[in-house]
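Chemist: Below is input37.cif; it holds mmCIF, C-alpha atoms.
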data_work
#
loop_
_atom_site.label_atom_id
_atom_site.label_comp_id
_atom_site.auth_asym_id
_atom_site.auth_seq_id
_atom_site.Cartn_x
_atom_site.Cartn_y
_atom_site.Cartn_z
CA MET U 1 9.38 -49.48 52.13
CA LYS U 2 6.57 -46.95 51.91
CA ILE U 3 8.92 -44.16 52.97
CA LYS U 4 11.44 -45.19 50.31
CA LEU U 5 8.77 -45.02 47.59
CA GLN U 6 7.74 -41.53 48.69
CA VAL U 7 11.35 -40.39 48.63
CA ILE U 8 11.83 -41.83 45.13
CA ALA U 9 8.63 -40.15 43.84
CA LEU U 10 9.63 -36.81 45.31
CA SER U 11 13.06 -37.12 43.73
CA LEU U 12 11.53 -37.83 40.32
CA ILE U 13 9.28 -34.76 40.59
CA CYS U 14 12.25 -32.58 41.48
CA LEU U 15 14.24 -33.98 38.54
CA VAL U 16 11.38 -33.29 36.07
CA SER U 17 10.88 -29.76 37.45
CA THR U 18 14.59 -29.08 37.29
CA GLY U 19 14.66 -30.40 33.73
CA LEU U 20 11.82 -28.13 32.68
CA LYS U 21 13.51 -25.13 34.25
CA ALA U 22 16.70 -26.11 32.53
CA GLN U 23 14.88 -26.18 29.22
CA GLU U 24 13.39 -22.76 29.86
CA VAL U 25 16.77 -21.38 30.74
CA GLU U 26 18.22 -22.88 27.62
CA LEU U 27 16.04 -20.54 25.39
CA THR U 28 18.22 -17.96 23.72
CA GLU U 29 17.31 -14.29 23.49
CA THR U 30 16.61 -14.76 19.78
CA GLU U 31 14.16 -17.58 20.54
CA LYS U 32 12.39 -15.49 23.17
CA LEU U 33 12.09 -12.61 20.72
CA ALA U 34 10.64 -14.96 18.12
CA GLN U 35 8.00 -16.13 20.60
CA ARG U 36 7.04 -12.57 21.46
CA THR U 37 6.92 -11.65 17.77
CA THR U 38 4.62 -14.56 16.98
CA SER U 39 2.26 -13.62 19.81
CA LEU U 40 2.23 -10.01 18.63
CA GLU U 41 1.50 -11.04 15.04
CA ASN U 42 -1.44 -13.17 16.18
CA ALA U 43 -2.84 -10.26 18.17
CA VAL U 44 -2.45 -7.90 15.19
CA LYS U 45 -4.23 -10.36 12.89
CA LYS U 46 -7.21 -10.41 15.24
CA LEU U 47 -7.26 -6.62 15.46
CA GLN U 48 -7.19 -6.34 11.67
CA LYS U 49 -10.48 -8.22 11.55
CA PHE U 50 -12.07 -5.55 13.75
CA LYS U 51 -13.00 -2.17 12.22
CA VAL U 52 -14.51 0.92 13.79
CA SER U 53 -16.08 3.80 11.84
CA GLY U 54 -18.79 6.37 12.38
CA TYR U 55 -19.87 9.99 12.18
CA ILE U 56 -21.25 12.79 14.34
CA GLN U 57 -23.76 15.37 13.12
CA THR U 58 -24.24 18.42 15.31
CA GLN U 59 -26.66 21.08 14.12
CA TYR U 60 -28.56 24.28 14.67
CA GLN U 61 -32.15 24.46 13.39
CA TRP U 62 -34.65 27.26 13.00
CA ALA U 63 -38.25 26.45 12.11
CA GLU U 64 -41.55 28.20 11.66
CA VAL U 65 -44.31 27.58 14.17
CA ASP U 66 -46.05 24.68 12.37
CA ALA U 67 -42.95 22.62 11.50
CA ASP U 68 -43.58 18.89 11.96
CA GLY U 69 -41.44 15.84 12.63
CA ILE U 70 -40.28 15.28 9.07
CA ASN U 71 -37.74 18.05 8.45
CA PHE U 72 -37.72 19.35 12.03
CA LYS U 73 -37.43 15.93 13.64
CA LEU U 74 -39.44 16.89 16.73
CA PRO U 75 -42.76 18.72 16.23
CA ASN U 76 -42.62 22.38 17.18
CA ARG U 77 -44.77 21.92 20.30
CA ALA U 78 -42.75 19.58 22.48
CA ASN U 79 -42.94 21.44 25.81
CA ALA U 80 -44.95 24.02 27.73
CA TYR U 81 -42.97 26.98 26.43
CA GLU U 82 -43.73 25.99 22.86
CA GLN U 83 -47.47 26.03 23.52
CA ALA U 84 -47.31 29.80 23.19
CA GLU U 85 -48.18 31.10 19.73
CA GLN U 86 -44.60 32.04 18.83
CA GLU U 87 -43.75 32.61 15.20
CA SER U 88 -40.66 30.41 15.14
CA PHE U 89 -38.52 28.04 17.16
CA SER U 90 -34.81 27.21 17.23
CA ARG U 91 -32.57 24.67 18.92
CA PHE U 92 -29.17 22.97 18.97
CA GLY U 93 -28.94 19.21 18.80
CA VAL U 94 -27.07 16.09 17.82
CA ARG U 95 -28.97 14.67 14.87
CA ARG U 96 -26.90 11.51 14.64
CA GLY U 97 -24.01 10.12 16.66
CA ARG U 98 -23.20 6.79 15.03
CA ILE U 99 -20.38 4.38 15.73
CA LYS U 100 -20.17 1.21 13.66
CA PHE U 101 -18.35 -1.90 14.84
CA THR U 102 -17.54 -4.50 12.16
CA TYR U 103 -15.75 -7.80 12.70
CA GLU U 104 -14.74 -9.69 9.55
CA ASP U 105 -13.45 -13.24 9.70
CA GLY U 106 -13.09 -14.72 6.23
CA LEU U 107 -16.54 -15.14 4.71
CA PHE U 108 -18.30 -14.04 7.90
CA SER U 109 -18.85 -10.56 9.29
CA GLY U 110 -20.88 -9.08 12.09
CA VAL U 111 -22.05 -5.47 12.38
CA PHE U 112 -23.30 -3.53 15.39
CA GLN U 113 -24.15 0.20 15.14
CA PRO U 114 -25.62 2.23 18.04
CA ASP U 115 -26.76 5.86 17.79
CA PHE U 116 -26.03 8.44 20.52
CA THR U 117 -27.96 11.74 20.76
CA GLU U 118 -29.32 14.03 23.46
CA ARG U 119 -32.58 12.09 23.16
CA GLY U 120 -30.95 8.87 24.30
CA VAL U 121 -29.16 5.81 22.95
CA SER U 122 -30.66 3.49 20.34
CA PHE U 123 -29.35 0.92 17.89
CA LYS U 124 -29.52 1.00 14.10
CA ASP U 125 -27.76 -2.08 12.76
CA VAL U 126 -27.28 -5.51 14.30
CA TYR U 127 -26.69 -8.20 11.70
CA LEU U 128 -24.62 -11.14 10.49
CA ASN U 129 -23.40 -11.30 6.89
CA VAL U 130 -22.16 -14.48 5.20
CA ARG U 131 -20.55 -14.34 1.73
CA ASP U 132 -20.35 -17.27 -0.66
CA PRO U 133 -16.88 -18.89 -1.00
CA TRP U 134 -16.91 -19.00 -4.83
CA THR U 135 -17.57 -15.49 -6.16
CA GLY U 136 -17.62 -13.42 -2.98
CA THR U 137 -20.44 -11.32 -4.45
CA ASN U 138 -23.40 -13.33 -3.13
CA ALA U 139 -24.36 -13.14 0.51
CA LEU U 140 -26.90 -13.97 3.17
CA ARG U 141 -27.71 -11.27 5.74
CA ALA U 142 -29.82 -11.69 8.88
CA GLY U 143 -30.68 -9.35 11.73
CA ILE U 144 -31.63 -5.66 11.70
CA PHE U 145 -30.46 -3.72 8.64
CA ASP U 146 -31.63 -1.40 5.82
CA ARG U 147 -34.67 -2.50 3.86
CA PRO U 148 -33.72 -3.34 0.23
CA PHE U 149 -36.19 -0.92 -1.35
CA GLY U 150 -35.19 1.78 -3.82
CA HIS U 151 -32.14 3.99 -3.47
CA GLU U 152 -32.60 6.53 -0.68
CA VAL U 153 -33.59 4.06 2.05
CA ALA U 154 -30.10 2.57 2.16
CA TYR U 155 -28.22 5.73 1.09
CA SER U 156 -26.08 6.58 4.11
CA SER U 157 -26.99 9.69 6.11
CA SER U 158 -23.26 10.53 6.21
CA ARG U 159 -23.27 10.85 2.39
CA ARG U 160 -26.78 12.18 1.76
CA GLU U 161 -26.76 15.82 0.65
CA SER U 162 -30.14 16.77 2.18
CA PRO U 163 -30.50 16.71 5.99
CA GLU U 164 -33.35 14.19 5.88
CA ARG U 165 -34.81 11.60 3.54
CA ALA U 166 -37.88 12.36 1.44
CA ARG U 167 -41.22 12.48 3.25
CA ILE U 168 -42.57 9.36 1.52
CA ILE U 169 -39.47 7.38 2.55
CA GLN U 170 -39.78 8.44 6.18
CA THR U 171 -43.51 7.65 6.19
CA LEU U 172 -43.47 4.23 4.51
CA PHE U 173 -40.13 3.05 5.90
CA PRO U 174 -39.63 4.56 9.39
CA ASP U 175 -36.13 3.97 10.83
CA GLU U 176 -35.11 2.69 7.35
CA ARG U 177 -34.26 -0.65 8.98
CA ASP U 178 -36.27 -3.77 9.67
CA LEU U 179 -35.82 -7.17 11.26
CA GLY U 180 -35.40 -10.00 8.77
CA ALA U 181 -33.19 -12.03 6.44
CA MET U 182 -32.06 -11.18 2.92
CA LEU U 183 -30.20 -12.73 0.00
CA VAL U 184 -27.85 -10.61 -2.11
CA LEU U 185 -27.24 -12.14 -5.54
CA GLN U 186 -24.75 -10.69 -8.02
CA PRO U 187 -22.65 -12.37 -10.74
CA ALA U 188 -18.87 -12.51 -10.25
CA LYS U 189 -16.85 -9.39 -11.00
CA THR U 190 -15.38 -11.12 -14.05
CA SER U 191 -18.84 -11.68 -15.53
CA PRO U 192 -20.42 -9.19 -17.96
CA TRP U 193 -23.61 -9.62 -15.92
CA ASN U 194 -21.94 -8.17 -12.82
CA ILE U 195 -23.85 -4.95 -13.57
CA LEU U 196 -27.00 -6.65 -12.16
CA LYS U 197 -27.74 -7.03 -8.46
CA LEU U 198 -30.73 -8.56 -6.70
CA GLU U 199 -31.50 -7.96 -3.02
CA ALA U 200 -34.55 -9.78 -1.68
CA GLY U 201 -35.74 -11.00 1.68
CA LEU U 202 -38.44 -11.50 4.28
CA PHE U 203 -38.96 -8.93 7.04
CA ALA U 204 -41.09 -8.43 10.14
CA GLY U 205 -42.54 -5.22 8.67
CA ASN U 206 -42.51 -3.24 11.90
CA GLY U 207 -39.22 -1.36 11.77
CA ILE U 208 -36.85 -1.70 14.70
CA ARG U 209 -39.53 -3.25 16.88
CA PRO U 210 -40.54 -6.75 17.94
CA GLU U 211 -42.57 -8.97 15.63
CA ILE U 212 -46.27 -8.80 16.60
CA ASP U 213 -48.30 -10.56 13.88
CA SER U 214 -46.32 -13.73 12.94
CA ARG U 215 -46.36 -12.66 9.29
CA MET U 216 -43.41 -11.80 7.08
CA ASP U 217 -43.32 -9.08 4.40
CA PHE U 218 -41.36 -9.52 1.16
CA ILE U 219 -39.03 -6.72 0.00
CA GLY U 220 -36.96 -6.87 -3.17
CA HIS U 221 -34.80 -4.56 -5.30
CA LEU U 222 -33.31 -5.40 -8.70
CA SER U 223 -30.73 -2.86 -9.84
CA VAL U 224 -28.29 -2.29 -12.68
CA THR U 225 -25.16 -0.11 -12.70
CA LYS U 226 -23.26 0.72 -15.88
CA THR U 227 -20.18 2.86 -16.45
CA ILE U 228 -20.80 4.54 -19.82
CA LYS U 229 -17.50 6.35 -19.93
CA LYS U 230 -14.62 6.78 -17.54
CA ASP U 231 -16.37 9.74 -15.92
CA MET U 232 -20.04 8.84 -16.48
CA VAL U 233 -22.13 6.31 -14.54
CA ILE U 234 -25.82 5.48 -14.90
CA SER U 235 -27.80 3.17 -12.62
CA GLY U 236 -31.35 2.35 -11.66
CA GLY U 237 -33.67 -0.26 -10.32
CA VAL U 238 -37.16 -1.51 -9.59
CA SER U 239 -38.50 -2.39 -6.14
CA ALA U 240 -41.43 -4.22 -4.61
CA TYR U 241 -42.81 -4.39 -1.09
CA LEU U 242 -45.47 -7.08 -0.64
CA GLY U 243 -46.79 -7.09 2.90
CA GLY U 244 -49.86 -7.09 5.07
CA VAL U 245 -51.30 -5.47 8.19
CA PHE U 246 -53.60 -7.23 10.64
CA GLN U 247 -57.27 -6.20 10.42
CA GLY U 248 -58.70 -5.60 13.88
CA THR U 249 -62.39 -5.68 12.88
CA ASP U 250 -64.58 -7.10 10.11
CA ASN U 251 -64.89 -3.73 8.33
CA VAL U 252 -62.58 -2.65 5.51
CA TYR U 253 -63.28 0.63 3.70
CA VAL U 254 -62.14 1.89 0.30
CA MET U 255 -62.64 5.33 -1.24
CA GLU U 256 -64.98 5.83 -4.17
CA ASN U 257 -66.23 9.16 -5.50
CA ASN U 258 -64.60 11.06 -2.61
CA ILE U 259 -66.37 9.08 0.13
CA TRP U 260 -65.48 6.00 2.16
CA LYS U 261 -67.37 2.88 1.12
CA LEU U 262 -67.63 -0.34 3.11
CA ASP U 263 -65.91 -2.95 0.93
CA VAL U 264 -65.39 -5.99 3.22
CA THR U 265 -67.57 -7.11 6.13
CA ASP U 266 -65.75 -10.29 7.22
CA GLY U 267 -62.16 -9.08 7.44
CA TYR U 268 -61.33 -9.67 11.09
CA GLY U 269 -58.07 -11.58 11.51
CA LYS U 270 -57.12 -11.24 7.85
CA PHE U 271 -54.38 -9.00 6.50
CA ALA U 272 -54.86 -5.80 4.53
CA GLN U 273 -52.53 -5.26 1.59
CA ARG U 274 -49.47 -3.14 2.23
CA ASN U 275 -48.02 -3.15 -1.27
CA TYR U 276 -45.57 -0.62 -2.70
CA PHE U 277 -43.76 -0.52 -6.02
CA GLY U 278 -40.90 1.77 -6.92
CA VAL U 279 -38.65 2.88 -9.77
CA ASP U 280 -35.34 4.64 -9.11
CA ALA U 281 -32.59 6.08 -11.33
CA GLN U 282 -29.21 7.73 -10.78
CA PHE U 283 -26.83 9.55 -13.11
CA SER U 284 -23.42 11.08 -12.45
CA THR U 285 -20.77 12.70 -14.63
CA THR U 286 -17.63 14.76 -14.13
CA THR U 287 -16.91 17.81 -16.28
CA CYS U 288 -14.81 20.94 -15.97
CA ALA U 289 -17.57 22.29 -13.70
CA GLY U 290 -17.09 19.39 -11.29
CA LEU U 291 -19.18 16.37 -10.35
CA THR U 292 -22.85 16.47 -11.36
CA GLN U 293 -25.33 14.00 -9.88
CA LEU U 294 -29.03 13.56 -10.65
CA ARG U 295 -31.14 11.02 -8.74
CA GLY U 296 -34.82 10.30 -8.55
CA GLU U 297 -37.37 7.82 -7.29
CA TYR U 298 -41.11 7.27 -7.74
CA ILE U 299 -43.23 5.07 -5.43
CA PHE U 300 -46.88 4.07 -5.59
CA GLY U 301 -49.12 1.43 -4.05
CA LYS U 302 -51.70 0.62 -1.39
CA ASN U 303 -51.43 1.64 2.25
CA PRO U 304 -53.71 0.55 5.13
CA GLY U 305 -54.58 2.74 8.08
CA ASN U 306 -57.39 4.07 10.24
CA ILE U 307 -59.87 6.87 9.60
CA ASP U 308 -57.28 9.54 10.46
CA GLY U 309 -54.58 8.31 8.10
CA ALA U 310 -52.03 5.60 7.38
CA TYR U 311 -50.40 3.62 10.18
CA ASP U 312 -46.89 4.71 11.17
CA PHE U 313 -45.70 1.06 10.98
CA LYS U 314 -43.93 1.24 14.31
CA LEU U 315 -46.76 -0.65 15.98
CA THR U 316 -46.42 -2.08 19.47
CA ALA U 317 -49.82 -3.79 19.34
CA LEU U 318 -52.10 -5.14 16.64
CA PRO U 319 -54.58 -2.61 15.17
CA ALA U 320 -57.97 -2.80 16.86
CA GLY U 321 -60.15 -0.54 14.68
CA ASP U 322 -61.65 -0.59 11.20
CA THR U 323 -59.25 -0.66 8.25
CA TYR U 324 -59.15 2.10 5.62
CA MET U 325 -57.30 1.38 2.38
CA ARG U 326 -55.58 4.24 0.54
CA ASN U 327 -53.81 4.49 -2.80
CA ILE U 328 -50.59 6.44 -2.30
CA SER U 329 -47.85 7.93 -4.49
CA GLY U 330 -44.80 10.11 -4.09
CA GLY U 331 -41.11 10.45 -4.73
CA TYR U 332 -38.19 12.83 -5.05
CA VAL U 333 -35.70 14.34 -7.50
CA ILE U 334 -32.33 15.65 -6.31
CA LEU U 335 -29.58 17.51 -8.19
CA THR U 336 -26.09 18.13 -6.81
CA GLN U 337 -23.44 20.20 -8.57
CA GLU U 338 -19.86 20.81 -7.48
CA LEU U 339 -18.78 24.41 -8.02
CA GLY U 340 -15.66 23.96 -10.09
CA LYS U 341 -12.46 23.69 -8.08
CA LEU U 342 -14.07 25.14 -4.99
CA PRO U 343 -14.81 22.66 -2.16
CA LEU U 344 -18.50 23.64 -2.41
CA THR U 345 -21.50 21.73 -3.76
CA PHE U 346 -24.95 23.11 -4.55
CA VAL U 347 -28.01 20.98 -3.75
CA ALA U 348 -31.60 21.24 -5.01
CA LYS U 349 -34.24 18.68 -4.06
CA TYR U 350 -37.96 18.31 -4.62
CA ASP U 351 -40.03 15.63 -2.92
CA TRP U 352 -43.74 14.98 -2.47
CA TYR U 353 -46.12 12.52 -0.84
CA ASP U 354 -49.82 12.04 -1.56
CA PRO U 355 -51.30 9.79 1.16
CA ASN U 356 -54.58 9.34 -0.76
CA THR U 357 -54.60 9.80 -4.52
CA ASN U 358 -58.39 9.31 -4.69
CA ILE U 359 -59.26 12.59 -3.00
CA ALA U 360 -58.11 16.20 -3.23
CA GLY U 361 -58.89 19.80 -2.30
CA ASN U 362 -62.06 20.60 -0.39
CA ASN U 363 -63.23 16.99 -0.58
CA ILE U 364 -60.62 16.19 2.09
CA THR U 365 -62.06 16.06 5.62
CA ASN U 366 -59.00 15.08 7.73
CA LYS U 367 -55.31 15.96 7.66
CA GLY U 368 -54.30 12.35 6.98
CA GLU U 369 -55.30 12.84 3.34
CA ILE U 370 -53.32 16.06 2.74
CA LEU U 371 -50.68 16.05 -0.02
CA MET U 372 -47.34 17.48 1.14
CA SER U 373 -44.43 18.70 -0.99
CA ASN U 374 -41.03 20.16 -0.22
CA ILE U 375 -38.40 22.20 -2.07
CA GLY U 376 -34.97 22.00 -0.48
CA LEU U 377 -32.05 24.29 -1.40
CA GLY U 378 -28.62 23.93 0.14
CA LEU U 379 -24.89 24.32 -0.04
CA PHE U 380 -22.29 22.15 1.63
CA TRP U 381 -18.59 22.73 2.15
CA ASP U 382 -16.22 19.77 2.32
CA ILE U 383 -13.66 21.35 4.61
CA ASP U 384 -11.54 18.21 4.29
CA SER U 385 -12.13 14.50 3.71
CA ALA U 386 -13.67 14.09 7.17
CA LEU U 387 -15.39 17.41 7.92
CA ARG U 388 -18.48 18.83 6.17
CA LEU U 389 -20.54 21.95 6.85
CA THR U 390 -24.07 22.08 5.36
CA ALA U 391 -26.56 24.93 5.13
CA TYR U 392 -30.02 23.86 3.92
CA TYR U 393 -33.45 25.46 3.70
CA ASP U 394 -36.70 23.45 3.35
CA ILE U 395 -39.71 25.20 1.81
CA VAL U 396 -42.70 23.05 2.75
CA LYS U 397 -46.04 23.27 0.95
CA ASN U 398 -49.31 21.54 1.72
CA GLU U 399 -52.59 20.90 -0.06
CA THR U 400 -55.44 22.94 1.43
CA SER U 401 -59.03 22.11 2.32
CA GLU U 402 -61.81 24.29 3.69
CA ASN U 403 -63.06 21.25 5.62
CA VAL U 404 -59.93 20.59 7.71
CA THR U 405 -59.22 22.92 10.63
CA GLY U 406 -55.70 24.32 10.47
CA TRP U 407 -55.22 23.31 6.84
CA LYS U 408 -57.33 25.93 5.07
CA GLU U 409 -54.16 27.65 3.89
CA ASP U 410 -50.48 26.89 3.53
CA ARG U 411 -48.99 26.30 6.98
CA LYS U 412 -45.90 28.00 8.34
CA ASP U 413 -43.52 25.05 8.48
CA ASN U 414 -40.30 25.99 6.68
CA VAL U 415 -37.04 24.82 8.28
CA PHE U 416 -33.42 26.00 8.15
CA THR U 417 -30.64 23.57 9.12
CA LEU U 418 -26.97 24.33 9.70
CA ARG U 419 -25.10 21.08 10.25
CA LEU U 420 -21.49 20.19 10.99
CA GLN U 421 -20.51 16.59 10.33
CA TYR U 422 -17.34 14.76 11.28
CA LYS U 423 -16.77 11.32 9.76
CA PHE U 424 -14.15 8.84 10.92
#
Please re-express this file's structure in structure tokens.

Modeler:
Amino acid sequence: MKIKLQVIALSLICLVSTGLKAQEVELTETEKLAQRTTSLENAVKKLQKFKVSGYIQTQYQWAEVDADGINFKLPNRANAYEQAEQESFSRFGVRRGRIKFTYEDGLFSGVFQPDFTERGVSFKDVYLNVRDPWTGTNALRAGIFDRPFGHEVAYSSSRRESPERARIIQTLFPDERDLGAMLVLQPAKTSPWNILKLEAGLFAGNGIRPEIDSRMDFIGHLSVTKTIKKDMVISGGVSAYLGGVFQGTDNVYVMENNIWKLDVTDGYGKFAQRNYFGVDAQFSTTTCAGLTQLRGEYIFGKNPGNIDGAYDFKLTALPAGDTYMRNISGGYVILTQELGKLPLTFVAKYDWYDPNTNIAGNNITNKGEILMSNIGLGLFWDIDSALRLTAYYDIVKNETSENVTGWKEDRKDNVFTLRLQYKF
């Protein structure tokens, strides 16, 4: 009996298997093609959600002996050879090698952007973006991304006409990015109030570095963009950065009458104000001479630091010394003008940064208080939609003081940059 049951079960399995094979065989060539087409369409839909873009900037730079890390991204004394008192220095390099991966799935998108240069590999953007399902213009962003302050911080380096951002931007907002979460609020495109946009969020305040003080900084930017005519656009905004920096001792100093005065004697464990406010404006118009653009930004506020100057805000540990509060100001103005029908654009830029507005000239006793300014003149050639060649010369000027060694006269720190950029 047991053997009979096994034989029956085996027969049933064979019948089912044979039936399935028969069904498979019964598929026509048209049906098989339809299956393959459906699978291919599903694969294409997934690939359409994935986008890759980026740009490569290769360059040659020549700099005078005292060039620093602002326009000549590495100081001019990086190795033993440079310790010699040469009059100038030159090098080839890859300024930026960015590749941006974006995956969009309905209201959700994720962005990852590493940077490849001869100095190593780093990351610039890693964030999640969620849009609202009603207007599509509001969003929540979280991760590492550009700080929402002013105009030049978030203005892409692939579009920017000068090789580097203004000195005050690089000083107050190193790496341009920060770790945090932000809301983007803008009325629907059908609304007359769509010209307004608010970006505001909470950030770690330490650039692309781990959180170290368990305190969030607020950054916000309210902007307006208006098309006056078909070929004329005006925009602008106001910004605020409200943050704090850990005080490592009880002593907090402020400057009065050109000297440091002890202002607080019980400050340990509290947070010194790191508050900046900014105003930015942009104007563009197209005439028979080509596209003309004029942009500017002014920033002022309070900046904490040590006796030698402001912190670089890429801290890996909490400050341990006395706190020195400085009033700061600075900004930039940039003009770009296309040269008629030629694929050439002229660039002129002026920027400045005063790290301590309460002291000047021979009253200054350390280089951290020196006002710096820069005149940049350049010309770039858009060879085609993807390739750009830029020639740019930075004329750097500094405030002088008889009481600061090495800064008794204008330093030799001009920089020439020849850059080739490919964008894809």

Chemist: Taking all listed atoms of region 58-71 of chain U, build the axis-aligned box, pad each of the six sides by 4 Å, then write its centre and edge lengths in Å to one decimal as lines of an AutoDock Vina configuration file.

Modeler:
center_x = -35.1
center_y = 21.7
center_z = 11.9
size_x = 29.8
size_y = 20.9
size_z = 14.9

Chemist: Rank U:Arg388, U:Asp308, U:Arg209, U:Asn251 by their smallest atom-to-atom distance to Tyr268 (chain U), using all atoms listed in the file, and report the top residue only.

Modeler: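 The answer is U:Asn251, which sits nearest to Tyr268 (chain U).
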
Chemist: Per residue of region 321-346 of chain U within 8 Å of region 291-299 of chain U, note the shortest atom pair and the distance in Å to one decimal, counting only C-alpha atoms, and order the rows by chain and increasing residue number, as JSON lines.

Modeler:
{"residue": "U:Ser329", "atom": "CA", "partner": "U:Ile299", "partner_atom": "CA", "distance": 5.5}
{"residue": "U:Gly330", "atom": "CA", "partner": "U:Ile299", "partner_atom": "CA", "distance": 5.4}
{"residue": "U:Gly331", "atom": "CA", "partner": "U:Tyr298", "partner_atom": "CA", "distance": 4.4}
{"residue": "U:Tyr332", "atom": "CA", "partner": "U:Gly296", "partner_atom": "CA", "distance": 5.5}
{"residue": "U:Val333", "atom": "CA", "partner": "U:Gly296", "partner_atom": "CA", "distance": 4.3}
{"residue": "U:Ile334", "atom": "CA", "partner": "U:Arg295", "partner_atom": "CA", "distance": 5.4}
{"residue": "U:Leu335", "atom": "CA", "partner": "U:Leu294", "partner_atom": "CA", "distance": 4.7}
{"residue": "U:Thr336", "atom": "CA", "partner": "U:Gln293", "partner_atom": "CA", "distance": 5.2}
{"residue": "U:Gln337", "atom": "CA", "partner": "U:Thr292", "partner_atom": "CA", "distance": 4.7}
{"residue": "U:Glu338", "atom": "CA", "partner": "U:Leu291", "partner_atom": "CA", "distance": 5.3}

Chemist: What's around Arg141 (chain U) at 6 Å? Count only C-alpha atoms, leave out sequence neighbours fewer than 3 positions away in its own chain, and write the answer as a list in words.

Modeler: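 Here the answer would be Leu128, Asn129, Ala181 and Met182 of chain U.
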
Chemist: For C-alpha atoms, I'd like the residues from the last selection saved as a PDB file, keeping the file's coordinate frame.

Modeler:
ATOM      1  CA  LEU U 128     -24.620 -11.140  10.490  1.00  0.00           C
ATOM      2  CA  ASN U 129     -23.400 -11.300   6.890  1.00  0.00           C
ATOM      3  CA  ALA U 181     -33.190 -12.030   6.440  1.00  0.00           C
ATOM      4  CA  MET U 182     -32.060 -11.180   2.920  1.00  0.00           C
TER       5      MET U 182
END

Chemist: If the PyMOL selection byres ((chain U and resi 250) around 7) is run on the structure shown, which residues does it catch, given as a count of residues only?

Modeler: 7

Chemist: Convert the output of the PyMOL selection byres ((chain U and resi 239) around 10) on the shown file into explicit residues, formatted as a ChimeraX atom specification.

Modeler: /U:148-151,198-200,219-223,237-238,240-241,276-280,299

Chemist: Taking 3 positions as the minimum chain separation for residues in the same chain, which residues sit within 10 Å of Leu262 (chain U) when counting all atoms listed in the file? Answer as a ChimeraX atom specification.

Modeler: /U:251-256,259,265,323-324

Chemist: Choose the residue, out of U:Ser385, U:Thr58, U:Thr285, U:Asn206, that has the smallest atom-to-atom separation from Lys314 (chain U); count all atoms listed in the file.

Modeler: U:Asn206

Chemist: Using the chain letters and numbers from the file, which residues does the PyMOL selection byres ((chain U and resi 158) around 8) grab, as a list in words?

Modeler: Tyr55, Ser156, Ser157, Arg159, Arg160, Gln421 and Lys423 of chain U

Chemist: Could you give me, as a VMD selection string, the residues that sit within 10 Å of (-52.4, -3.0, 2.7) in the file's coordinates, counting all atoms listed in the file?

Modeler: chain U and resid 242 to 247 271 to 276 301 to 305 310 323 to 327

Chemist: Take the residues from that selection and put them in a file with C-alpha atoms, as a short mmCIF file (atom, residue, chain, number, x, y, z; two decimals), in the coordinates of the input.

Modeler:
data_model
loop_
_atom_site.label_atom_id
_atom_site.label_comp_id
_atom_site.auth_asym_id
_atom_site.auth_seq_id
_atom_site.Cartn_x
_atom_site.Cartn_y
_atom_site.Cartn_z
CA LEU U 242 -45.47 -7.08 -0.64
CA GLY U 243 -46.79 -7.09 2.90
CA GLY U 244 -49.86 -7.09 5.07
CA VAL U 245 -51.30 -5.47 8.19
CA PHE U 246 -53.60 -7.23 10.64
CA GLN U 247 -57.27 -6.20 10.42
CA PHE U 271 -54.38 -9.00 6.50
CA ALA U 272 -54.86 -5.80 4.53
CA GLN U 273 -52.53 -5.26 1.59
CA ARG U 274 -49.47 -3.14 2.23
CA ASN U 275 -48.02 -3.15 -1.27
CA TYR U 276 -45.57 -0.62 -2.70
CA GLY U 301 -49.12 1.43 -4.05
CA LYS U 302 -51.70 0.62 -1.39
CA ASN U 303 -51.43 1.64 2.25
CA PRO U 304 -53.71 0.55 5.13
CA GLY U 305 -54.58 2.74 8.08
CA ALA U 310 -52.03 5.60 7.38
CA THR U 323 -59.25 -0.66 8.25
CA TYR U 324 -59.15 2.10 5.62
CA MET U 325 -57.30 1.38 2.38
CA ARG U 326 -55.58 4.24 0.54
CA ASN U 327 -53.81 4.49 -2.80
#

Chemist: Using only C-alpha atoms, which residue out of U:Arg165, U:Lys270, U:Lys367, U:Lys32 lies closest to Gly248 (chain U)?

Modeler: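 Using only C-alpha atoms, the shortest distance to Gly248 (chain U) belongs to U:Lys270.
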
Chemist: Tell me, in Å to one decimal, how far CA of Glu399 (chain U) is from CA of Asn358 (chain U).

Modeler: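 Taking CA of Glu399 (chain U) and CA of Asn358 (chain U), their separation equals 13.8 Å.
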
Chemist: If I take CA of Val65 (chain U) and CA of Asn374 (chain U), how far is one from the other in Å, to one decimal?

Modeler: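 Pair CA of Val65 (chain U) / CA of Asn374 (chain U) returns 16.5 Å.
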
Chemist: Env of Thr287 (chain U): 10 Å cut, atoms = all atoms listed in the file, seq-sep filter 6 positions within chain, self excluded. Answer as a VMD selection string.

Modeler: chain U and resid 231 to 232 338 340
